[in-house]
$ cat work-v4.txt   # compact mmCIF, C-alpha atoms
# COMPACT_ATOMS: atom_id res chain seq x y z
CA MET A 1 -17.30 17.92 1.57
CA ILE A 2 -17.42 18.93 -2.05
CA GLU A 3 -19.96 16.97 -4.12
CA PRO A 4 -19.63 15.54 -7.63
CA GLY A 5 -20.85 17.93 -10.31
CA THR A 6 -19.56 21.00 -8.49
CA PRO A 7 -16.81 23.02 -10.18
CA ALA A 8 -13.60 22.47 -8.17
CA PRO A 9 -12.41 25.65 -6.48
CA ASP A 10 -9.25 26.90 -8.18
CA PHE A 11 -6.07 26.86 -6.15
CA SER A 12 -2.41 27.63 -6.52
CA LEU A 13 -0.07 25.85 -4.11
CA ARG A 14 3.66 25.22 -3.95
CA ASN A 15 4.89 21.68 -4.44
CA GLN A 16 7.82 20.02 -2.63
CA ASP A 17 10.26 21.86 -4.91
CA GLY A 18 8.68 25.26 -4.32
CA GLU A 19 7.02 25.38 -7.74
CA GLU A 20 3.49 26.74 -8.08
CA VAL A 21 0.90 24.21 -9.15
CA SER A 22 -2.54 25.56 -9.97
CA LEU A 23 -5.70 23.67 -10.80
CA GLU A 24 -5.96 25.86 -13.90
CA SER A 25 -2.62 24.48 -15.13
CA LEU A 26 -3.91 20.90 -14.70
CA ARG A 27 -7.00 21.41 -16.87
CA GLY A 28 -7.46 18.88 -19.63
CA GLY A 29 -6.49 15.87 -17.56
CA THR A 30 -8.00 13.98 -14.66
CA VAL A 31 -6.60 14.93 -11.26
CA VAL A 32 -6.85 13.06 -7.97
CA LEU A 33 -6.17 15.11 -4.86
CA VAL A 34 -5.18 13.08 -1.83
CA PHE A 35 -5.90 15.18 1.26
CA TYR A 36 -4.16 13.80 4.35
CA PRO A 37 -3.59 15.18 7.87
CA LEU A 38 0.18 15.53 8.20
CA ASP A 39 3.58 14.53 6.82
CA PHE A 40 5.51 11.97 8.90
CA SER A 41 2.52 10.52 10.72
CA PRO A 42 2.79 6.74 10.45
CA VAL A 43 -0.54 6.07 8.75
CA CYS A 44 0.04 8.52 5.88
CA THR A 45 3.28 6.73 5.20
CA ASP A 46 1.51 3.57 4.19
CA GLN A 47 -1.14 5.43 2.24
CA LEU A 48 1.26 7.25 -0.10
CA ASN A 49 3.53 4.19 -0.38
CA VAL A 50 0.63 2.08 -1.58
CA TYR A 51 -0.57 4.78 -3.99
CA GLN A 52 2.97 5.03 -5.33
CA GLU A 53 2.73 1.38 -6.40
CA VAL A 54 -0.24 2.17 -8.67
CA LEU A 55 1.01 5.55 -9.89
CA GLY A 56 2.19 4.09 -13.23
CA GLU A 57 -1.22 2.61 -13.83
CA LEU A 58 -2.91 5.91 -12.96
CA HIS A 59 -0.64 7.79 -15.35
CA ALA A 60 -1.42 5.24 -18.06
CA ARG A 61 -5.08 6.08 -17.56
CA GLY A 62 -4.36 9.79 -17.88
CA VAL A 63 -4.63 10.55 -14.17
CA GLU A 64 -2.30 12.82 -12.21
CA MET A 65 -2.17 12.41 -8.44
CA TYR A 66 -1.24 15.09 -5.88
CA GLY A 67 -0.96 14.82 -2.11
CA VAL A 68 -2.19 17.85 -0.14
CA SER A 69 -1.56 18.66 3.54
CA VAL A 70 -0.99 21.76 5.66
CA ASP A 71 2.76 21.08 5.86
CA SER A 72 5.30 23.38 4.23
CA ALA A 73 7.05 22.70 0.92
CA TYR A 74 10.29 21.94 2.83
CA SER A 75 8.57 19.38 4.99
CA HIS A 76 7.00 17.84 1.89
CA LYS A 77 10.42 17.53 0.27
CA ALA A 78 11.85 15.69 3.28
CA PHE A 79 8.75 13.51 3.59
CA GLN A 80 8.83 12.57 -0.08
CA GLU A 81 12.49 11.57 0.23
CA LYS A 82 11.86 9.59 3.39
CA LEU A 83 9.03 7.62 1.81
CA GLY A 84 10.78 7.17 -1.50
CA VAL A 85 7.70 8.30 -3.40
CA SER A 86 7.44 10.54 -6.45
CA ILE A 87 3.82 11.64 -5.94
CA PRO A 88 4.01 15.46 -5.89
CA LEU A 89 2.98 16.97 -2.56
CA LEU A 90 1.29 20.37 -2.33
CA ALA A 91 1.68 22.72 0.62
CA ASP A 92 -1.68 24.02 1.84
CA PHE A 93 0.36 26.10 4.24
CA HIS A 94 -0.56 29.76 3.95
CA PRO A 95 -3.25 30.63 4.70
CA LYS A 96 -3.20 27.35 6.53
CA GLY A 97 -5.65 24.76 5.19
CA ALA A 98 -7.39 27.22 2.84
CA VAL A 99 -7.64 24.69 0.01
CA ALA A 100 -8.81 21.88 2.29
CA ARG A 101 -11.44 24.30 3.61
CA ALA A 102 -12.53 25.25 0.07
CA PHE A 103 -13.02 21.54 -0.68
CA GLY A 104 -14.89 21.06 2.58
CA VAL A 105 -12.45 18.59 4.11
CA TYR A 106 -10.71 20.73 6.75
CA ASP A 107 -10.96 19.43 10.31
CA GLU A 108 -11.32 22.66 12.32
CA GLU A 109 -10.91 20.90 15.63
CA ARG A 110 -7.59 19.22 14.79
CA GLY A 111 -6.28 22.01 12.58
CA VAL A 112 -5.42 19.63 9.75
CA SER A 113 -7.15 18.20 6.72
CA ALA A 114 -9.30 15.11 7.00
CA ARG A 115 -8.26 12.10 4.96
CA ALA A 116 -10.12 12.52 1.69
CA LEU A 117 -9.88 11.84 -2.03
CA VAL A 118 -11.25 14.19 -4.70
CA MET A 119 -11.26 13.36 -8.40
CA ILE A 120 -11.50 16.31 -10.78
CA GLY A 121 -12.37 15.82 -14.44
CA PRO A 122 -10.68 17.44 -17.46
CA ASP A 123 -13.32 20.22 -17.43
CA GLY A 124 -12.48 21.19 -13.85
CA ALA A 125 -15.61 19.73 -12.25
CA VAL A 126 -15.50 17.31 -9.34
CA VAL A 127 -16.44 13.85 -10.59
CA TRP A 128 -16.01 11.84 -7.38
CA SER A 129 -15.12 12.47 -3.76
CA TYR A 130 -14.60 10.36 -0.67
CA ARG A 131 -13.98 11.32 2.92
CA SER A 132 -12.57 8.75 5.31
CA PRO A 133 -14.77 8.31 8.41
CA SER A 134 -11.71 8.62 10.65
CA PRO A 135 -8.09 9.80 10.16
CA LEU A 136 -6.99 6.26 11.04
CA GLU A 137 -8.95 4.74 8.21
CA ILE A 138 -7.00 4.83 4.98
CA PRO A 139 -8.95 4.78 1.72
CA GLY A 140 -7.72 1.91 -0.44
CA ALA A 141 -6.47 2.48 -3.98
CA ASN A 142 -9.39 0.32 -5.13
CA LEU A 143 -11.74 3.25 -4.50
CA ILE A 144 -9.89 5.36 -7.06
CA PHE A 145 -9.98 2.61 -9.68
CA ASP A 146 -13.64 1.90 -9.00
CA ALA A 147 -14.42 5.58 -9.54
CA LEU A 148 -12.42 5.59 -12.79
CA ASP A 149 -14.16 2.43 -14.01
CA GLU A 150 -17.55 3.83 -13.19
CA ARG A 151 -16.78 6.97 -15.14
CA ALA A 152 -15.47 4.98 -18.10
CA ALA A 153 -18.66 2.89 -18.09
CA ALA A 154 -20.96 5.91 -17.86
CA MET B 1 -2.24 -23.13 2.15
CA ARG B 2 -1.03 -24.64 5.39
CA GLY B 3 -2.59 -25.75 8.65
CA ASP B 4 -5.55 -27.87 9.74
CA ARG B 5 -8.27 -28.42 7.17
CA ASP B 6 -11.02 -27.67 9.71
CA ALA B 7 -9.28 -24.71 11.36
CA PRO B 8 -10.50 -21.14 10.67
CA LEU B 9 -9.13 -19.70 7.42
CA VAL B 10 -6.82 -16.69 7.58
CA VAL B 11 -5.84 -14.98 4.34
CA GLU B 12 -2.84 -12.74 4.97
CA TYR B 13 -1.50 -9.99 2.72
CA GLY B 14 2.13 -9.53 3.62
CA ASP B 15 5.57 -8.43 2.56
CA TYR B 16 8.80 -10.32 3.39
CA GLU B 17 10.68 -7.15 4.28
CA CYS B 18 8.00 -5.94 6.69
CA PRO B 19 8.90 -6.47 10.37
CA TYR B 20 5.24 -6.42 11.46
CA CYS B 21 4.58 -9.28 9.05
CA ALA B 22 7.40 -11.29 10.63
CA LYS B 23 5.88 -10.67 14.04
CA THR B 24 2.46 -11.71 12.73
CA ASP B 25 3.94 -14.85 11.24
CA GLY B 26 5.22 -15.92 14.65
CA LEU B 27 1.88 -15.16 16.32
CA LEU B 28 -0.11 -17.13 13.73
CA ALA B 29 2.24 -20.09 14.12
CA GLY B 30 1.05 -20.34 17.73
CA VAL B 31 -2.67 -20.69 16.98
CA ARG B 32 -4.76 -23.25 15.13
CA VAL B 33 -5.55 -21.69 11.75
CA ARG B 34 -5.48 -22.59 8.09
CA ARG B 35 -3.31 -20.05 6.31
CA VAL B 36 -3.10 -18.54 2.88
CA PHE B 37 -0.34 -15.99 2.25
CA ARG B 38 -0.71 -13.44 -0.53
CA HIS B 39 2.07 -11.14 -1.63
CA PHE B 40 1.61 -7.42 -1.09
CA PRO B 41 5.08 -6.00 -1.82
CA VAL B 42 5.26 -2.23 -1.25
CA VAL B 43 8.46 -1.54 -3.11
CA SER B 44 8.74 2.19 -2.44
CA LYS B 45 8.97 1.27 1.23
CA HIS B 46 10.71 -2.10 0.97
CA PRO B 47 12.96 -2.23 -2.11
CA ARG B 48 13.55 -6.00 -1.90
CA ALA B 49 9.94 -6.96 -1.21
CA ARG B 50 9.03 -7.97 -4.76
CA VAL B 51 12.33 -9.82 -5.31
CA LEU B 52 11.70 -11.81 -2.11
CA ALA B 53 8.10 -12.58 -3.06
CA CYS B 54 9.30 -13.93 -6.41
CA ALA B 55 12.01 -15.96 -4.66
CA ALA B 56 9.44 -17.60 -2.37
CA GLU B 57 7.25 -18.46 -5.36
CA ALA B 58 10.28 -19.92 -7.16
CA ALA B 59 11.04 -22.09 -4.12
CA GLY B 60 7.37 -23.07 -4.22
CA LEU B 61 7.81 -24.43 -7.75
CA GLN B 62 10.22 -26.91 -6.17
CA GLY B 63 7.73 -27.77 -3.43
CA SER B 64 9.30 -25.64 -0.69
CA TYR B 65 7.18 -22.51 -0.57
CA TRP B 66 6.46 -22.50 3.18
CA GLU B 67 9.99 -23.59 4.09
CA PHE B 68 11.35 -20.60 2.19
CA HIS B 69 8.69 -18.34 3.65
CA ASP B 70 9.65 -19.42 7.18
CA SER B 71 13.34 -18.99 6.41
CA LEU B 72 12.79 -15.37 5.24
CA TYR B 73 10.76 -14.40 8.29
CA ALA B 74 13.21 -16.10 10.61
CA ASP B 75 15.97 -13.72 9.45
CA GLN B 76 14.97 -10.51 7.66
CA GLY B 77 18.45 -9.09 7.95
CA ARG B 78 19.82 -11.41 5.26
CA ILE B 79 17.91 -10.82 2.07
CA ASP B 80 20.58 -10.12 -0.57
CA ASP B 81 21.03 -12.54 -3.46
CA PRO B 82 23.88 -14.56 -1.86
CA HIS B 83 21.71 -15.00 1.24
CA LEU B 84 18.89 -16.31 -0.94
CA TRP B 85 21.26 -18.80 -2.60
CA GLU B 86 22.36 -19.95 0.83
CA ARG B 87 18.74 -20.57 1.82
CA VAL B 88 18.16 -22.47 -1.41
CA ARG B 89 21.15 -24.72 -0.70
CA GLU B 90 20.05 -25.29 2.89
CA LEU B 91 16.65 -26.43 1.66
CA GLY B 92 18.31 -28.72 -0.87
CA LEU B 93 16.74 -27.03 -3.89
CA ASP B 94 18.14 -26.76 -7.40
CA LEU B 95 19.83 -23.35 -7.54
CA ASP B 96 19.90 -22.97 -11.34
CA ARG B 97 16.23 -23.70 -11.56
CA PHE B 98 15.50 -21.31 -8.67
CA GLU B 99 17.44 -18.54 -10.40
CA ALA B 100 15.55 -19.02 -13.66
CA ASP B 101 12.17 -19.38 -12.00
CA ARG B 102 12.37 -16.33 -9.77
CA ARG B 103 12.98 -14.13 -12.81
CA SER B 104 10.32 -15.81 -14.92
CA GLU B 105 7.25 -14.11 -16.27
CA ALA B 106 4.97 -16.70 -14.67
CA VAL B 107 6.31 -15.99 -11.17
CA ALA B 108 6.17 -12.22 -11.68
CA GLU B 109 2.56 -12.56 -12.80
CA ARG B 110 1.69 -14.68 -9.80
CA VAL B 111 3.05 -12.03 -7.41
CA GLU B 112 1.38 -9.22 -9.35
CA ARG B 113 -1.93 -11.09 -9.25
CA ASP B 114 -1.69 -11.34 -5.46
CA PHE B 115 -0.86 -7.64 -5.18
CA ARG B 116 -3.77 -6.66 -7.45
CA SER B 117 -6.19 -8.81 -5.47
CA GLY B 118 -5.00 -7.01 -2.32
CA LEU B 119 -5.57 -3.60 -3.88
CA ARG B 120 -9.00 -4.72 -4.98
CA ALA B 121 -9.79 -5.83 -1.44
CA GLY B 122 -8.73 -2.39 -0.16
CA VAL B 123 -5.46 -3.45 1.49
CA VAL B 124 -3.44 -0.36 2.46
CA THR B 125 -1.01 -1.73 4.98
CA THR B 126 0.85 -4.93 5.77
CA PRO B 127 0.03 -7.19 7.34
CA THR B 128 -3.71 -7.26 6.62
CA LEU B 129 -5.54 -10.42 7.60
CA PHE B 130 -8.92 -11.48 6.25
CA VAL B 131 -10.97 -13.71 8.52
CA ASP B 132 -14.56 -14.51 7.55
CA GLY B 133 -14.49 -11.71 5.00
CA GLN B 134 -13.53 -9.17 7.65
CA ALA B 135 -10.27 -7.21 7.22
CA HIS B 136 -7.90 -6.78 10.16
CA ALA B 137 -5.08 -4.33 9.41
CA GLY B 138 -1.82 -4.58 11.32
CA VAL B 139 -0.40 -7.12 13.76
CA PRO B 140 -3.35 -9.27 14.95
CA SER B 141 -4.88 -8.19 18.25
CA GLU B 142 -4.93 -10.44 21.29
CA GLU B 143 -8.69 -10.64 20.83
CA LEU B 144 -8.39 -11.94 17.28
CA LEU B 145 -5.76 -14.49 18.30
CA GLN B 146 -7.94 -15.63 21.19
CA SER B 147 -10.83 -16.18 18.80
CA PHE B 148 -8.72 -18.83 17.02
CA LEU B 149 -8.14 -20.70 20.26
CA ARG B 150 -11.82 -21.19 20.92

$ encode --input "work-v4.txt" --output "C-alpha cells"
Amino acid sequence: MIEPGTPAPDFSLRNQDGEEVSLESLRGGTVVLVFYPLDFSPVCTDQLNVYQEVLGELHARGVEMYGVSVDSAYSHKAFQEKLGVSIPLLADFHPKGAVARAFGVYDEERGVSARALVMIGPDGAVVWSYRSPSPLEIPGANLIFDALDERAAA
Amino acid sequence: MRGDRDAPLVVEYGDYECPYCAKTDGLLAGVRVRRVFRHFPVVSKHPRARVLACAAEAAGLQGSYWEFHDSLYADQGRIDDPHLWERVRELGLDLDRFEADRRSEAVAERVERDFRSGLRAGVVTTPTLFVDGQAHAGVPSEELLQSFLR
C-alpha cells in the first residue's frame, strides 16, 4: 500500500452524479480517500454512515472525504440514497480497480478494493495511510482524527 | 449503571432505533452483568436516534433513565413524539419538564459526549460492547454471554 511521503498518483473518476473528479482538482486541501470493497455490502453501510456523522467536523478542519469502490456511478448514486449519506462516491469502474491498484490497495483475488484509508495533503503527497487487516474490520473514524491531530502537532 | 456491583462490567454503545441493540438488550437482561449504556446515535441511518437518546436522558433527569430505556427497546415501532409523551405519562413523569429537558443544551451535550467517546474508542457499528477493555461489535456471541454466567 502507498506509503506516507509518496506523491499520490493522479486520478480522474466519475462521482455518483457522473461528474469527473480528479486529484488535481482537489489540490490545496486535505483529502481522505475511503477505499471499500463494494456498495450495498452490509459492513460498508455502517462505515459510511458513521463517517457521515463526522463529516461536518472534517469539513471544519478543511478535509474533504471521498468513498472509492469498483462500482459504477449509477450504483453509487443508489447506494448513497439508500444510506442517506452525502459523502461523494467515486467509481473506480473502468479500467476496473485501476486507482485502487495505483494506491496499492487492490485485492486481486477478490477483484475489489481492500478496506483502506489514504490521507493526501494539500501538496498532493500522501501524509497517512491505513489498510484494514480484513474486509470485515472497519477502520474507526478515530484513526482519521488521530492522523489529523498528529499532523497538526508536527 | 445498573446490575450487581460485583458482576462483570459491560459498557455498551447503542442506538434506540437499532434493532440489533434491542436484541442485545434482551440478551444482556438474561445474564449477570453490571451495565453502562452510552449513546451512539447514527442519524444518517436512524433519523430518530439522537432524539430518542435525548429523551432517555431527559427521563433520567427525573430518575427514570432505565425505565425509559427499557420502554424504548420494548417497542421500537412507536418512537414519534406522541408515543414518547405516552411513555412519559405511563412512567408518571412530569411532561413539561421532560419536554424542556430533552431539548436542553445539557442533554444534547451529554449525548454528544457519549458519541464522541465511542468514536474515540473506534466504535463503527451498534451495538458495540466493551468488556475488560476488549471491544465486541454486534449482537453478543453465545460465547461472550456464557462467559458472564461463569

$ residues_around --input "work-v4.txt" --residues "Tyr106 (chain A)" --least-positions-apart "4" --cutoff "12 Å" --atoms "only C-alpha atoms" --output "PyMOL selection string"
chain A and resi 1-2+35-37+68-70+92+96-102+110-116+131+135

$ closest_atom_pairs --input "work-v4.txt" --of "chain B" --to "chain A" --cutoff "8 Å" --atoms "all atoms listed in the file" --output "Markdown table"
| residue | atom | partner | partner_atom | distance |
| --- | --- | --- | --- | --- |
| B:Val42 | CA | A:Val50 | CA | 6.3 |
| B:Val43 | CA | A:Glu53 | CA | 7.2 |
| B:Ser44 | CA | A:Gly84 | CA | 5.5 |
| B:Lys45 | CA | A:Leu83 | CA | 6.4 |
| B:Leu119 | CA | A:Asn142 | CA | 5.6 |
| B:Arg120 | CA | A:Asn142 | CA | 5.1 |
| B:Ala121 | CA | A:Asn142 | CA | 7.2 |
| B:Gly122 | CA | A:Gly140 | CA | 4.4 |
| B:Val123 | CA | A:Gly140 | CA | 6.1 |
| B:Val124 | CA | A:Gly140 | CA | 5.6 |
| B:Thr125 | CA | A:Asp46 | CA | 5.9 |

$ atom_distance --input "work-v4.txt" --atom1 "CA of Asp15 (chain B)" --atom2 "CA of Arg32 (chain B)"
22.0 Å

$ residues_around --input "work-v4.txt" --residues "region 67-76 of chain B" --least-positions-apart "6" --cutoff "7 Å" --atoms "all atoms listed in the file" --output "count of residues only"
5

$ residues_around --input "work-v4.txt" --residues "Leu28 (chain B)" --least-positions-apart "4" --cutoff "12 Å" --atoms "only C-alpha atoms" --output "MDAnalysis selection string"
chainID B and resid 2:3 8:12 21:24 32:37 70 127 129 139:142 144:149

$ write_last_selection --input "work-v4.txt" --atoms "C-alpha atoms" --output "compact mmCIF listing (two decimals), keeping the file's coordinate frame"
# COMPACT_ATOMS: atom_id res chain seq x y z
CA ARG B 2 -1.03 -24.64 5.39
CA GLY B 3 -2.59 -25.75 8.65
CA PRO B 8 -10.50 -21.14 10.67
CA LEU B 9 -9.13 -19.70 7.42
CA VAL B 10 -6.82 -16.69 7.58
CA VAL B 11 -5.84 -14.98 4.34
CA GLU B 12 -2.84 -12.74 4.97
CA CYS B 21 4.58 -9.28 9.05
CA ALA B 22 7.40 -11.29 10.63
CA LYS B 23 5.88 -10.67 14.04
CA THR B 24 2.46 -11.71 12.73
CA ARG B 32 -4.76 -23.25 15.13
CA VAL B 33 -5.55 -21.69 11.75
CA ARG B 34 -5.48 -22.59 8.09
CA ARG B 35 -3.31 -20.05 6.31
CA VAL B 36 -3.10 -18.54 2.88
CA PHE B 37 -0.34 -15.99 2.25
CA ASP B 70 9.65 -19.42 7.18
CA PRO B 127 0.03 -7.19 7.34
CA LEU B 129 -5.54 -10.42 7.60
CA VAL B 139 -0.40 -7.12 13.76
CA PRO B 140 -3.35 -9.27 14.95
CA SER B 141 -4.88 -8.19 18.25
CA GLU B 142 -4.93 -10.44 21.29
CA LEU B 144 -8.39 -11.94 17.28
CA LEU B 145 -5.76 -14.49 18.30
CA GLN B 146 -7.94 -15.63 21.19
CA SER B 147 -10.83 -16.18 18.80
CA PHE B 148 -8.72 -18.83 17.02
CA LEU B 149 -8.14 -20.70 20.26

$ residues_around --input "work-v4.txt" --residues "Val126 (chain A)" --least-positions-apart "2" --cutoff "12 Å" --atoms "all atoms listed in the file" --output "MDAnalysis selection string"
chainID A and resid 1:10 23 30:33 103 117:124 128:130 147 151

$ atom_distance --input "work-v4.txt" --atom1 "CA of Leu91 (chain B)" --atom2 "CA of Thr128 (chain B)"
28.4 Å

$ residues_around --input "work-v4.txt" --residues "Val51 (chain B)" --least-positions-apart "3" --cutoff "12 Å" --atoms "only C-alpha atoms" --output "PyMOL selection string"
chain B and resi 15-17+39-43+46-48+54-58+72+79-81+84+99+101-104+107-108+111-112

$ axis_aligned_box --input "work-v4.txt" --around "region 63-79 of chain B" --padding-each-side "3 Å" --output "lines of an AutoDock Vina configuration file"
center_x = 13.1
center_y = -18.4
center_z = 3.6
size_x = 19.4
size_y = 24.7
size_z = 20.0

$ closest_residue --input "work-v4.txt" --among "B:Glu90, B:Asp6, B:Asp96, B:Asp114" --to "Arg50 (chain B)" --atoms "only C-alpha atoms"
B:Asp114

$ atom_distance --input "work-v4.txt" --atom1 "CA of His76 (chain A)" --atom2 "CA of Leu13 (chain A)"
12.3 Å
